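Working notes, beginning with the structure itself.
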Amino acid sequence: MLRIGSLCSGYLGLDIALESELADTELAWVADIDRNAIRLLEHRVPEVPNLGNIKKIDWHSVPPIDILTAGYPCQPFSTSGRRKGEDDPRHLWPFVYEAIRVLRPRLTLLENVAGHRSKGFDTVLGDLAQIGLSAQWVSVRASDIGAPHRRDRLFIAVTDPDGSELPNWRRPSPTQARASTAHGDQLPFALGHPFADDRSQQA
């Protein structure tokens, strides 16, 4: 059984996606302080503990997990806002990074807005490299799967090059995912559509 820890959990979008791609997963805990998210989490997964504010968690006291997910706040990077980056009080990447550094999950799946590629993403990649982890990323638009809006999103898969591979991935076929050697390879699981190419030129 693969144990999943969820940061900035929201409605559990990343976790639901993982459950559809991996066999034998278990949500070990969530972490969110938004009152609406808390109500939704209590309804959907009432038996799963909410660790609360990730700024205050002692990760050394948290039981180990296999997979970590985090759709951390996009406001510091979004082109729809002021893009204050590290100066934005909603900037939570340092706390997400601390969780990764201490817990060392076999896989971390991150999500943010496309604007993150040109604001703060170099810090994310540098922090991960500093602790020996590698990252692959891909950008996906909501319109790619039929939604009536663009909503371009960045997905980042973080792994330990020396670690063991997670079992039971539903692997993409060559027509389902294309590697981008210039900006990052396809994620290590099928997105289910032939659009898994990096679109960093559109940031």
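Numbering starts fresh at 1 for the residues of each chain in the structure tokens, the chains themselves are lettered A, B, ... in the order given, and ligands are numbered from 1 as they appear.
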May I have all residues of stretch 8-163 of chain A that DSSP, computed from the backbone, assigns to alpha helix (DSSP H), given as a count of residues only? 40
Residues within 7 Å of A:Leu133, please, as a CSV table (one decimal) with N, CA, C and O atoms, in the first residue's frame. Count only C-alpha atoms; anything in the same chain fewer than 2 positions from it doesn't count.
```csv
chain,number,residue,atom,x,y,z
A,128,LEU,N,15.4,21.7,-5.1
A,128,LEU,CA,15.3,20.2,-5.3
A,128,LEU,C,16.7,19.6,-5.7
A,128,LEU,O,17.0,18.6,-5.1
A,129,ALA,N,17.4,20.3,-6.6
A,129,ALA,CA,18.7,19.8,-7.0
A,129,ALA,C,19.7,19.8,-5.8
A,129,ALA,O,20.5,18.9,-5.7
A,131,ILE,N,19.2,19.0,-2.8
A,131,ILE,CA,19.0,17.8,-2.0
A,131,ILE,C,19.0,16.5,-2.8
A,131,ILE,O,18.6,15.5,-2.3
A,135,ALA,N,13.6,16.6,-11.3
A,135,ALA,CA,12.2,17.0,-11.6
A,135,ALA,C,12.0,16.9,-13.0
A,135,ALA,O,12.8,17.2,-13.9
A,158,VAL,N,8.6,15.0,-8.9
A,158,VAL,CA,10.0,15.0,-8.3
A,158,VAL,C,10.3,13.7,-7.8
A,158,VAL,O,9.5,13.0,-7.1
A,159,THR,N,11.5,13.2,-8.2
A,159,THR,CA,11.9,11.8,-7.8
A,159,THR,C,13.4,11.8,-7.4
A,159,THR,O,14.1,12.8,-7.7
A,160,ASP,N,13.8,10.8,-6.7
A,160,ASP,CA,15.2,10.6,-6.3
A,160,ASP,C,15.8,9.7,-7.4
A,160,ASP,O,15.3,8.6,-7.6
A,161,PRO,N,16.8,10.2,-8.1
A,161,PRO,CA,17.4,9.4,-9.2
A,161,PRO,C,17.9,8.0,-8.7
A,161,PRO,O,18.0,7.1,-9.5
```
Residue neighbourhood A:Gly71, 7 Å, only C-alpha atoms, exclusion window fewer than 3 positions, as a VMD selection string: chain A and resid 8 to 9 110 to 112
Using only C-alpha atoms, which residues sit within 9 Å of A:Asp152 once same-chain residues fewer than 6 positions away are excluded, as JSON, numbers by chain? {"A": [113, 114, 115, 139, 140, 141, 142, 143, 203]}
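The residue set within 12 Å of A:Arg35, counting only C-alpha atoms and dropping same-chain residues fewer than 2 places from it, reads Ser9, Gly10, Tyr11, Ala31, Asp32, Ile33, Ala37, Ile38, Arg39, Leu40, Leu41, Glu42, Asn50, Gly52 and Asn53 of chain A.
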Members of stretch 6-129 of chain A assigned strand (DSSP E or B) by DSSP, as a PyMOL selection string: chain A and resi 6-7+25-31+50+67-70+107-113
Compile the contact shell of A:Pro64 as an mmCIF file with N, CA, C and O atoms, in the first residue's frame: residues with an atom at most 12 Å away, counting only C-alpha atoms, same-chain residues fewer than 5 positions apart removed.
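The result, written out as part19.cif:
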```cif
data_model
loop_
_atom_site.group_PDB
_atom_site.id
_atom_site.type_symbol
_atom_site.label_atom_id
_atom_site.label_comp_id
_atom_site.auth_asym_id
_atom_site.auth_seq_id
_atom_site.Cartn_x
_atom_site.Cartn_y
_atom_site.Cartn_z
ATOM 1 N N LEU A 2 0.632 2.144 -0.951
ATOM 2 C CA LEU A 2 1.394 3.383 -1.047
ATOM 3 C C LEU A 2 0.666 4.478 -0.265
ATOM 4 O O LEU A 2 -0.500 4.775 -0.506
ATOM 5 N N ARG A 3 1.385 5.090 0.671
ATOM 6 C CA ARG A 3 0.797 6.119 1.520
ATOM 7 C C ARG A 3 1.020 7.503 0.906
ATOM 8 O O ARG A 3 2.141 7.859 0.546
ATOM 9 N N ILE A 4 -0.064 8.272 0.802
ATOM 10 C CA ILE A 4 -0.021 9.605 0.213
ATOM 11 C C ILE A 4 -0.222 10.653 1.295
ATOM 12 O O ILE A 4 -1.139 10.553 2.114
ATOM 13 N N GLY A 5 0.639 11.667 1.292
ATOM 14 C CA GLY A 5 0.461 12.846 2.125
ATOM 15 C C GLY A 5 0.114 14.019 1.231
ATOM 16 O O GLY A 5 0.723 14.208 0.172
ATOM 17 N N ALA A 28 -2.879 9.181 3.704
ATOM 18 C CA ALA A 28 -2.464 9.107 5.105
ATOM 19 C C ALA A 28 -2.858 10.351 5.884
ATOM 20 O O ALA A 28 -3.266 10.270 7.046
ATOM 21 N N TRP A 29 -2.723 11.526 5.267
ATOM 22 C CA TRP A 29 -3.090 12.778 5.909
ATOM 23 C C TRP A 29 -3.224 13.883 4.872
ATOM 24 O O TRP A 29 -2.743 13.764 3.746
ATOM 25 N N TRP A 59 7.969 18.277 10.645
ATOM 26 C CA TRP A 59 7.916 17.144 9.727
ATOM 27 C C TRP A 59 8.660 15.933 10.267
ATOM 28 O O TRP A 59 8.400 14.806 9.826
ATOM 29 N N ALA A 99 9.013 20.085 3.830
ATOM 30 C CA ALA A 99 8.341 18.786 3.946
ATOM 31 C C ALA A 99 9.020 17.751 3.055
ATOM 32 O O ALA A 99 9.253 16.605 3.468
ATOM 33 N N ILE A 100 9.344 18.144 1.827
ATOM 34 C CA ILE A 100 10.031 17.227 0.908
ATOM 35 C C ILE A 100 11.389 16.836 1.459
ATOM 36 O O ILE A 100 11.782 15.664 1.440
ATOM 37 N N VAL A 102 12.564 16.738 4.508
ATOM 38 C CA VAL A 102 12.544 15.883 5.696
ATOM 39 C C VAL A 102 11.916 14.524 5.409
ATOM 40 O O VAL A 102 12.453 13.475 5.793
ATOM 41 N N LEU A 103 10.784 14.508 4.719
ATOM 42 C CA LEU A 103 10.060 13.257 4.495
ATOM 43 C C LEU A 103 10.681 12.390 3.403
ATOM 44 O O LEU A 103 10.536 11.167 3.429
ATOM 45 N N ARG A 104 11.329 13.012 2.413
ATOM 46 C CA ARG A 104 11.961 12.298 1.303
ATOM 47 C C ARG A 104 11.035 11.240 0.688
ATOM 48 O O ARG A 104 11.364 10.053 0.613
ATOM 49 N N PRO A 105 9.853 11.652 0.215
ATOM 50 C CA PRO A 105 8.952 10.676 -0.419
ATOM 51 C C PRO A 105 9.558 10.140 -1.706
ATOM 52 O O PRO A 105 10.423 10.767 -2.321
ATOM 53 N N ARG A 106 9.085 8.986 -2.129
ATOM 54 C CA ARG A 106 9.566 8.382 -3.376
ATOM 55 C C ARG A 106 9.112 9.182 -4.587
ATOM 56 O O ARG A 106 9.778 9.190 -5.622
#
```
